[in-house]
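Just below is one structure, and these are the notes that go with it.
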Amino acid sequence: MVLNMRTLKSVAAILRREMHKYLKIIYLDAFKSIFEPLFFVLVFGLGLGRNVNIGETSYFEFMAPGVVFMVAVTCSYARTSFGLFNDKEYDKIMNSFLVGPLKPSEIVLGYILAGTIQALICSGCFMLILHFAFGLDFKSTSIFVLFLIIISIFFSCIGVILCMSVNDAHSLLLITNFLINPLSFLCGVFIPTDYLPTWVQPAVGLIPLTKAIQGIRMTPLSLNNPDVALSLIYIAVAGVVSFMIGTYIFRKKVLT
């Protein structure tokens, strides 16, 4: 896909439409996206984990950044996959987009950017709650936000792939419940991945969310840390590959 003025306008049109729909339900969506993670923080972080430390870090400080990523992952995936599915199966507007004419890659990119922005809004609100209500300070905020952006882009791409791979809402919901949601428990949000069975650790280590959570917990946290830089590159490459796969599946489903 070549980025020119026509392409930018096409992507902006999809993005504007999706954000217009989102702004109508932003308060309800933000509440829904934040309530469950806040429950985890209160029960596990400040309740059960009150007297637990992970190394020299309290369990609350260990868990909270991972929960922020959980908010970003859940929101970016759900808003992209279910938004695109609704437009594809119920509103039936994909043909209108193509008549526009918009290229499949432009349509996909518009949905991905919308899902990413919406995820950043939700996770940003959650970070503010953690900071002002519980006194949590996020170290190296710029690097933290950079990880949030690329992991949101990746899971928005995954949302496109899975949405275009199913034909009914029930299947999409099953995938969400049995594939996306369990990642929070496998990728180091609540416990270090070192605590998992040894036969699981190599596979879990390949998941981009694991790389993001491990990357943000590295000290010193900066782009000069080669492990941080490699984690960012790994997730970015995974995002590009996922975008290409999502665009291919979208083109195959819509144009045939």
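FYI, nothing fancy with the structure tokens labels: chains A, B, ... in order, residues from 1 per chain, ligands from 1 as they appear.
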Hey, what's within 12 Å of Met244 in chain A if we count only C-alpha atoms and toss same-chain stuff fewer than 3 positions away? As number ranges by chain, please?
A: 1, 104-106, 108-109, 154, 157-158, 160-161, 237-241, 247-251
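Within 9 Å of range 93-97 of chain A, once only C-alpha atoms are used and residues closer than 4 positions along the same chain are dropped, the contacting residues are Ile14, Asp87, Lys88, Glu89, Pro101, Leu102, Lys103, Pro104, Ile107, Val254 and Leu255 of chain A.
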Quick one: everything within 9 Å of range 180-194 of chain A, counting only C-alpha atoms, minus sequence neighbours fewer than 4 positions away in the same chain. Send it as JSON, numbers by chain.
{"A": [44, 45, 54, 59, 62, 63, 64, 65, 66, 67, 69, 70, 73, 74, 77, 175, 176, 198, 201, 204, 205, 207, 208, 209, 210, 211, 213, 214]}
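Closest approach to Leu232 in chain A among A:Val145, A:Val200, A:Ile112, A:Leu173 is made by A:Val145 (distances from only C-alpha atoms).
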Extract the full set of strand (DSSP E or B) residues from range 20-72 of chain A according to DSSP on the backbone, and format it as a ChimeraX atom specification.
/A:53-54,57-58
Can you spit out the residues from that selection as a compact mmCIF listing (two decimals), in the first residue's frame, using N, CA and C atoms?
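As written to disk, part.txt reads:
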```txt
# COMPACT_ATOMS: atom_id res chain seq x y z
N ASN A 53 5.19 -10.03 47.63
CA ASN A 53 6.17 -9.30 46.82
C ASN A 53 6.69 -10.20 45.72
N ILE A 54 6.94 -9.61 44.56
CA ILE A 54 7.62 -10.29 43.46
C ILE A 54 9.02 -9.69 43.38
N THR A 57 9.53 -5.92 44.38
CA THR A 57 8.36 -5.15 43.95
C THR A 57 7.11 -5.70 44.61
N SER A 58 6.24 -4.81 45.10
CA SER A 58 4.97 -5.27 45.66
C SER A 58 4.13 -5.88 44.54
```
Identify, with DSSP run on backbone atoms, the residues in range 77-144 of chain A assigned to alpha helix (DSSP H), and express the list as an NGL selection string.
:A and (77-86 or 94-99 or 104-134 or 141-144)
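Between Ile26 in chain A and the candidates A:Val228, A:Ile216, A:Ile121, A:Ile151, the tightest atom-to-atom separation, counting only C-alpha atoms, involves A:Ile121.
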Would you kindly return, as a ChimeraX atom specification, each protein, DNA or RNA residue with an atom no farther than 10 Å from any atom of Gly110 in chain A, considering only C-alpha atoms and excluding same-chain residues fewer than 3 positions away?
/A:8,10-18,80,104-107,113-116
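Residue nearest Phe147 in chain A, chosen from A:Gly215, A:Gly124, A:Gly83, A:Pro197 and counting only C-alpha atoms: A:Gly215.
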Exercise: Tyr22 in chain A partners within 9 Å, only C-alpha atoms, chain neighbours under 6 positions left out, as a ChimeraX atom specification:
/A:29,79,114,118
Shell around range 126-132 of chain A at 7 Å using only C-alpha atoms, local window under 5 positions removed, as a PyMOL selection string:
chain A and resi 34+68+137
